[in-house]
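S.K.: One structure follows; several queries about it will come next.
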Amino acid sequence: MTTDLERKVKSSDTIYSYDEAVDLTGHGRYNYLLLAACCVISNAVALDMFGFSLVVAAASCDLRLGITETGILASAPFAGVLFAFPWGYFADTQGRRRALLLSTSVGFVFAALSSLSPTWQIMLALKIIGCCFSTSSFSLTMAYLGESTGSKHRSRYLFIMISMNIASEIVSFGLAYFILPLSLHWEIPWLSITYRSWRLFTFVIAVPLGIGALLLCWLYESPKFLANKGESTIALKVLRRINVANGGKDDEYPVHHLEKTENANSQKQTLWSSLVSQTVPLFQPPLLLRTLQLFYLIVICCTTNNVFLMWFPTMVNLFFNSLSGGTTDVGFCEGVVQNATNNVQAENYTCNDAMSPNTVYSGIILGLFFTFINLVASRLASWRRLVLIGCFLVAAISSILVGIVTKPVWSMIYFSLIQITCVGIGSVATYFVDMYPTTYRGLVTSLGMMVSRLISFAGVNVVGAIIVDHCNLTFYCWSIVVLSGVAVAFLLPSDRKK
């Protein structure tokens with residue numbers, strides 16, 4: 001009795017679709033290495049962006065950060081959105097792997113250098129430059145992993161990669177637990193800095209970007225990208241190498257001809273005409289409405305998670321400090337506001353690097369919880385619209401309850417649950433992969449993340465500006481925005497449609 005895969009194997013003159021060709025490479029060592037590399041990079045990008053919120057909280061006294069400076073510095077990683085467009089274009093014209101190699105390696109260098117910043121202004125500049133490279137890696141791994149994985153495992157692999165992105169909270173808070181309490185006071189006169197534990201922590205969370213760049217050296221370019229660029233011969237060589245890496249034999253791989261599903265543009269174009277040809281179709285029928293819809297959904301998913309994640313260490317630390325006086329029935333907003341006005345510029349201000357252990361424990365628990373939830377969601381990949389809607393509902397209800405509940409434990413739980421929209425990112429990512437031609441897929445994903453992070457950049461600063469005077473109102477308004485995402489998500493194709 002023949003299997004489905006065996007029925008696909010025909011004569012040497014048969015023209016195979018790309019999905020058939022990838023399925024015939026098997027599933028083995030190469031796929032595991034590909035997934036591992038993408039997971040490391042995904043985790044590294046999150047550490048570079050969101051782990052930086054811990055750096056800001058821990059360095060607040062050393063760099064003399066007030067609430068305004070904290071907001072500006074915490075939003076710095078999102079400034080990398082300015083280069084999302086050229087990175088998407090670069091990936092669609094020069095290759096996914098090449099773009100990933102460049103973004104991870106340069107991002108690592110600048111992230112490491114930021115650990116030696118003498119002032120918060122220099123750290124801000126280094127962080128913006130570094131994140132202009134590193135932040136693009138997340139959206140690029142979506143296209144790279146999706147195109148290099150067989151259709152049977154694609155959705156599950158994307159969910160797993162997103163889970164590793166979310167697991168960065170476990171890694172960052174776990175490292176903070178061991179590194180930040182260290183009593184380091186190494187004077188470096190030529191830099192006019194004292195090397196404290198937060199500087200070591202900053203360097204350590206930069207290392208995974210370098211590891212991700214090294215892992216890419218053992219991987220190949222996306223075969224679909226090569227085929228779409230008209231380089232079918234090279235694409236077939238890569239497919240055969242993947243087949244061998246997965247345990248197959250080179251001479252037994254049956255694919256010799258790939259079906260042309262998209263027209264590769266072999267004519268020379270100017271940079272401007274090439275940019276126009278890559279971008280304009282995304283905002284014209286028949287892709288226009290789908291682009292606007294997915295952009296709106298990815299904005300809600302990312303911004304809701306990003307804004308509150310960047311403020312999480314600072315706000316939670318302020319909240320737990322408010323409980324140190326013995327008060328038990330205090331709302332989240334009351335606890336944050338009453339401790340948010342410390343004068344770090346005062347002459348008699350004493351620098352204290354210590355972070356509340358409860359803040360670290362909260363971060364670790366939060367990371368474990370969301371990683372588990374996202375892994376569960378990966379088993380529900382065929383119900384991606386339902387998963388997305390469920391995440392929005394939980395986040396919206398939690399936003400309302402934060403301003404109502406006065407029990408510390410419950411208010412902390414509801415504040416943390418607002419970030420559950422991160423689980424929905426995997427759902428939206430699969431729609432980007434499925435609903436766009438290869439020619440535009442890398443660019444549209446990068447543009448979606450660019451818009452999301454641009455709004456996140458604004459959101460972090462807006463929250464910092466209004467949280468003291470309008471704390472409860474901030475959470476109520478946010479719940480309305482998230483609920484609007486439920487209505488838009490209902491317009492996505494049904495989960496029952498293939």
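By order in the structure tokens, chains are A, B, ...; within a chain, residues start at 1; ligands start at 1, following the order shown.
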Give me the residues near region 429-434 of chain A as a PyMOL selection string, where near means some atom within 8 Å (using only C-alpha atoms) and where sequence neighbours in that chain fewer than 5 positions away do not count.

M.R.: chain A and resi 142-143+146+155+158+294+441+444-445

S.K.: Need the shell around Val45 (chain A): protein/DNA/RNA residues with any atom at most 8 Å away, counting only C-alpha atoms. Skip same-chain ones fewer than 5 positions apart. Format as a list in words?

M.R.: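 Residues near the query, excluding close chain neighbours: Ser134, Thr135, Ser137, Phe138, Asn165 and Leu209 of chain A.
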
S.K.: Could those residues be written to a file, using N, CA and C atoms, as a JSON list (two decimals), in the first residue's frame?

M.R.:
```
[["chain", "number", "residue", "atom", "x", "y", "z"],
["A", 134, "SER", "N", 19.10, 44.26, 14.66],
["A", 134, "SER", "CA", 18.65, 43.03, 15.30],
["A", 134, "SER", "C", 17.14, 42.81, 15.23],
["A", 135, "THR", "N", 16.34, 43.87, 15.38],
["A", 135, "THR", "CA", 14.89, 43.67, 15.46],
["A", 135, "THR", "C", 14.28, 43.11, 14.19],
["A", 137, "SER", "N", 15.38, 40.71, 12.58],
["A", 137, "SER", "CA", 15.61, 39.26, 12.52],
["A", 137, "SER", "C", 14.37, 38.46, 12.87],
["A", 138, "PHE", "N", 13.51, 39.01, 13.74],
["A", 138, "PHE", "CA", 12.32, 38.26, 14.16],
["A", 138, "PHE", "C", 11.38, 38.01, 12.99],
["A", 165, "ASN", "N", 10.38, 32.86, 21.54],
["A", 165, "ASN", "CA", 10.44, 34.32, 21.64],
["A", 165, "ASN", "C", 9.87, 34.76, 22.98],
["A", 209, "LEU", "N", 22.51, 36.65, 20.24],
["A", 209, "LEU", "CA", 22.52, 37.15, 18.86],
["A", 209, "LEU", "C", 23.75, 36.63, 18.12]]
```

S.K.: Taking the chain letters and numbering used in this document, name the residues of region 5-123 of chain A that DSSP puts in alpha helix (DSSP H), as a PyMOL selection string.

M.R.: chain A and resi 5-8+18-23+29-49+52-58+67-74+84-94+96-113+120-123

S.K.: From the set A:Phe90, A:Ser452, A:Lys260, A:Ala245, which residue has the shortest atom-to-atom contact distance to Cys301 (chain A), counting only C-alpha atoms?

M.R.: A:Ser452

S.K.: Residues at most 10 Å from Leu184 (chain A), counting only C-alpha atoms, excluding those fewer than 5 positions away in the same chain, as a VMD selection string?

M.R.: chain A and resid 179 194 to 200

S.K.: Ranking A:Leu145, A:Leu180, A:Ala99, A:Met49 by minimum distance to Ile128 (chain A) and counting only C-alpha atoms, which one comes first?

M.R.: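 Between A:Leu145, A:Leu180, A:Ala99, A:Met49, the residue approaching Ile128 (chain A) most closely is A:Met49.
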
S.K.: Any idea what's packed within 12 Å of Ile373 (chain A), counting only C-alpha atoms, ignoring anything in its chain fewer than 2 positions away? Could you give it as number ranges by chain?

M.R.: A: 159-160, 162-164, 166-167, 366-371, 375-380, 387, 390-391, 417, 419-424, 426

S.K.: Using only C-alpha atoms, pick whichever of A:Ile364, A:Leu289, A:Met449, A:Ala37 has the shortest atom-to-atom distance to Ser172 (chain A).

M.R.: A:Ile364

S.K.: Can you work out which one of A:Ala235, A:Ile188, A:Met412, A:Ile397 has the shortest atom-to-atom distance to Phe319 (chain A), counting only C-alpha atoms?

M.R.: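 Closest to Phe319 (chain A), using only C-alpha atoms: A:Met412.
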
S.K.: CA of Cys39 (chain A) and CA of Arg453 (chain A), how far apart in Å?

M.R.: 20.3 Å

S.K.: Write out as an NGL selection string which residues come within 7 Å of Ala57 (chain A) when counting only C-alpha atoms, dropping same-chain ones fewer than 3 positions away.

M.R.: :A and (53-54 or 60 or 313-314)

S.K.: Selection from above, C-alpha atoms, as a PDB file, in the first residue's frame, can you write it?

M.R.:
```pdb
ATOM      1  CA  SER A  53      13.564  46.740  30.108  1.00  0.00           C
ATOM      2  CA  LEU A  54      15.340  44.984  32.982  1.00  0.00           C
ATOM      3  CA  SER A  60      18.023  53.716  36.775  1.00  0.00           C
ATOM      4  CA  PRO A 313      10.020  45.511  35.540  1.00  0.00           C
ATOM      5  CA  THR A 314       9.724  49.210  36.440  1.00  0.00           C
TER       6      THR A 314
END
```

S.K.: Taking into account only C-alpha atoms, which residue in the set A:Ile170, A:Cys477, A:Phe50, A:Arg290 is nearest to Ile365 (chain A)?

M.R.: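 Of the candidates, the smallest distance to Ile365 (chain A) is held by A:Ile170.
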
S.K.: Return the single residue from A:Thr439, A:Trp383, A:Lys237, A:Trp410 that is closest to Gln94 (chain A), with distances computed using only C-alpha atoms.

M.R.: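 Using only C-alpha atoms, the shortest distance to Gln94 (chain A) belongs to A:Thr439.
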
S.K.: Counting only C-alpha atoms, what is within 12 Å of Ala395 (chain A), bar same-chain residues fewer than 4 positions away, as number ranges by chain?

M.R.: A: 300-301, 304-305, 308, 388-391, 399-402, 413-424, 475-476, 478-486

S.K.: By how many Å are CA of Gly230 (chain A) and CA of Ile242 (chain A) apart?

M.R.: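 Going from CA of Gly230 (chain A) over to CA of Ile242 (chain A) covers 19.5 Å.
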